[in-house]
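Engineer: Pasting in a structure now, in structure tokens, and then I'll have a few things to ask.
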Amino acid sequence: GTASYICEGLEPAESFNTCSHGGGRVIGRKAANRAMEGKHDEAVKMMEHVVFDVREGDYDELPNCYKGIDAVIEAQADLVSPVVRLEPLMVVKG
């Protein structure tokens, strides 16, 4: 439910022209589900900007479970240059 970037590698040899593939979790999956227990309406509101069916008790992919992607990209400014910011329209969870 959060943005992502397409970036261009800046070629430092030790980075292999890459950076981390995502923001990383700030809360584990089980802990996220426990933290949102009884807060289903709040979970639905977090995802109202995208097409996503929030299932009762399945809250481990909500945006608050991950680090902010903008801060992650800023921290890797020596590795990559952002080219395009992508905003999600839909989340499909298998």
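Each chain of the structure tokens is named A, B, ... in the order shown, its residues numbered from 1; ligands are numbered from 1 in display order.
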When DSSP works through the backbone of this structure, what residues of chain A end up as strand (DSSP E), shown as a PyMOL selection string?

Structural biologist: chain A and resi 4-9+80-86

Engineer: Which polymer residues have any atom within 12 Å of an atom of A:Asp70, counting only C-alpha atoms, with same-chain residues fewer than 5 positions away left out, as a ChimeraX atom specification?

Structural biologist: /A:2-5,22-23,75-77,82,85-86

Engineer: For stretch 51-92 of chain A versus stretch 35-42 of chain A, which residues have an atom no more than 9 Å away, and what is each residue's nearest atom pair and distance in Å rounded to one decimal, using only C-alpha atoms, chain-then-number order, as JSON lines?

Structural biologist:
```
{"residue": "A:Val54", "atom": "CA", "partner": "A:His40", "partner_atom": "CA", "distance": 8.1}
{"residue": "A:Arg55", "atom": "CA", "partner": "A:His40", "partner_atom": "CA", "distance": 8.3}
{"residue": "A:Glu56", "atom": "CA", "partner": "A:His40", "partner_atom": "CA", "distance": 6.3}
{"residue": "A:Gly57", "atom": "CA", "partner": "A:Glu37", "partner_atom": "CA", "distance": 6.5}
{"residue": "A:Asp58", "atom": "CA", "partner": "A:Met36", "partner_atom": "CA", "distance": 8.9}
{"residue": "A:Tyr59", "atom": "CA", "partner": "A:Met36", "partner_atom": "CA", "distance": 6.7}
```

Engineer: Now that the selection is made, can you save its residues with N, CA, C and O atoms as an mmCIF file, in the first residue's frame?

Structural biologist:
```cif
data_model
loop_
_atom_site.group_PDB
_atom_site.id
_atom_site.type_symbol
_atom_site.label_atom_id
_atom_site.label_comp_id
_atom_site.auth_asym_id
_atom_site.auth_seq_id
_atom_site.Cartn_x
_atom_site.Cartn_y
_atom_site.Cartn_z
ATOM 1 N N VAL A 54 -9.023 -6.078 2.766
ATOM 2 C CA VAL A 54 -8.415 -6.328 4.069
ATOM 3 C C VAL A 54 -9.239 -7.386 4.785
ATOM 4 O O VAL A 54 -10.393 -7.170 5.120
ATOM 5 N N ARG A 55 -8.614 -8.549 4.979
ATOM 6 C CA ARG A 55 -9.310 -9.647 5.652
ATOM 7 C C ARG A 55 -9.132 -9.526 7.160
ATOM 8 O O ARG A 55 -8.038 -9.231 7.641
ATOM 9 N N GLU A 56 -10.188 -9.767 7.888
ATOM 10 C CA GLU A 56 -10.160 -9.729 9.354
ATOM 11 C C GLU A 56 -9.013 -10.605 9.873
ATOM 12 O O GLU A 56 -8.897 -11.774 9.501
ATOM 13 N N GLY A 57 -8.139 -10.015 10.691
ATOM 14 C CA GLY A 57 -7.029 -10.748 11.288
ATOM 15 C C GLY A 57 -5.805 -10.884 10.419
ATOM 16 O O GLY A 57 -4.811 -11.475 10.834
ATOM 17 N N ASP A 58 -5.808 -10.327 9.211
ATOM 18 C CA ASP A 58 -4.689 -10.447 8.273
ATOM 19 C C ASP A 58 -4.139 -9.059 7.971
ATOM 20 O O ASP A 58 -4.445 -8.459 6.951
ATOM 21 N N TYR A 59 -3.321 -8.549 8.880
ATOM 22 C CA TYR A 59 -2.895 -7.152 8.823
ATOM 23 C C TYR A 59 -1.386 -6.982 8.620
ATOM 24 O O TYR A 59 -0.855 -5.898 8.792
#
```

Engineer: Write out as an NGL selection string the set of residues from chain A that DSSP, computed on the backbone, places in alpha helix (DSSP H).

Structural biologist: :A and (29-35 or 40-46 or 69-75)

Engineer: Have a look at A:Ile73, A:Val91, A:Val51, A:Cys65 and name the one nearest to A:Glu8; count only C-alpha atoms.

Structural biologist: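 For A:Glu8, the nearest of the candidates is A:Ile73.
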
Engineer: Skip A:Phe52 itself and residues of its chain fewer than 4 positions away, then list as a PyMOL selection string all residues within 10 Å of it, counting only C-alpha atoms.

Structural biologist: chain A and resi 1+44+47-48+89-93

Engineer: Could you please determine the separation between atom CA of A:Leu79 and atom CA of A:Ile27 in Å, to one decimal place?

Structural biologist: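 Those two atoms sit 25.8 Å apart.
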
Engineer: As a short mmCIF file (atom, residue, chain, number, x, y, z; two decimals) with N, CA and C atoms, in the first residue's frame, please: the residues near A:Asp78 (cut-off 10 Å, only C-alpha atoms, same-chain neighbours under 2 positions excluded).

Structural biologist:
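Resulting contents of result25.cif:
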```cif
data_model
loop_
_atom_site.label_atom_id
_atom_site.label_comp_id
_atom_site.auth_asym_id
_atom_site.auth_seq_id
_atom_site.Cartn_x
_atom_site.Cartn_y
_atom_site.Cartn_z
N GLY A 9 21.36 2.70 -10.79
CA GLY A 9 22.56 2.46 -9.98
C GLY A 9 23.62 3.50 -10.26
N LEU A 10 24.37 3.88 -9.23
CA LEU A 10 25.41 4.90 -9.38
C LEU A 10 26.81 4.31 -9.50
N GLU A 11 26.91 3.01 -9.63
CA GLU A 11 28.12 2.29 -9.96
C GLU A 11 29.21 2.17 -8.90
N PRO A 12 28.98 2.36 -7.62
CA PRO A 12 30.09 2.01 -6.72
C PRO A 12 30.30 0.50 -6.80
N SER A 15 28.77 -2.06 -4.42
CA SER A 15 27.31 -2.19 -4.33
C SER A 15 26.72 -3.04 -5.45
N CYS A 19 20.70 -1.61 -4.66
CA CYS A 19 20.42 -1.17 -3.29
C CYS A 19 19.42 -2.15 -2.70
N ILE A 73 15.27 5.46 0.55
CA ILE A 73 15.91 5.95 -0.69
C ILE A 73 16.92 7.04 -0.36
N GLU A 74 16.56 7.96 0.54
CA GLU A 74 17.50 9.01 0.94
C GLU A 74 18.77 8.42 1.55
N ALA A 75 18.62 7.38 2.37
CA ALA A 75 19.77 6.76 3.02
C ALA A 75 20.68 6.06 2.02
N GLN A 76 20.17 5.77 0.83
CA GLN A 76 20.96 5.07 -0.19
C GLN A 76 21.33 5.99 -1.35
N VAL A 80 22.08 4.85 -5.41
CA VAL A 80 21.12 4.94 -6.51
C VAL A 80 20.56 6.34 -6.65
N SER A 81 20.07 6.60 -7.84
CA SER A 81 19.37 7.85 -8.13
C SER A 81 17.93 7.49 -8.51
#
```

Engineer: Restricting the calculation to only C-alpha atoms, which member of A:Met46, A:Val26, A:Cys7, A:Leu62 is positioned closest to A:Val83?

Structural biologist: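 Using only C-alpha atoms, the shortest distance to A:Val83 belongs to A:Cys7.
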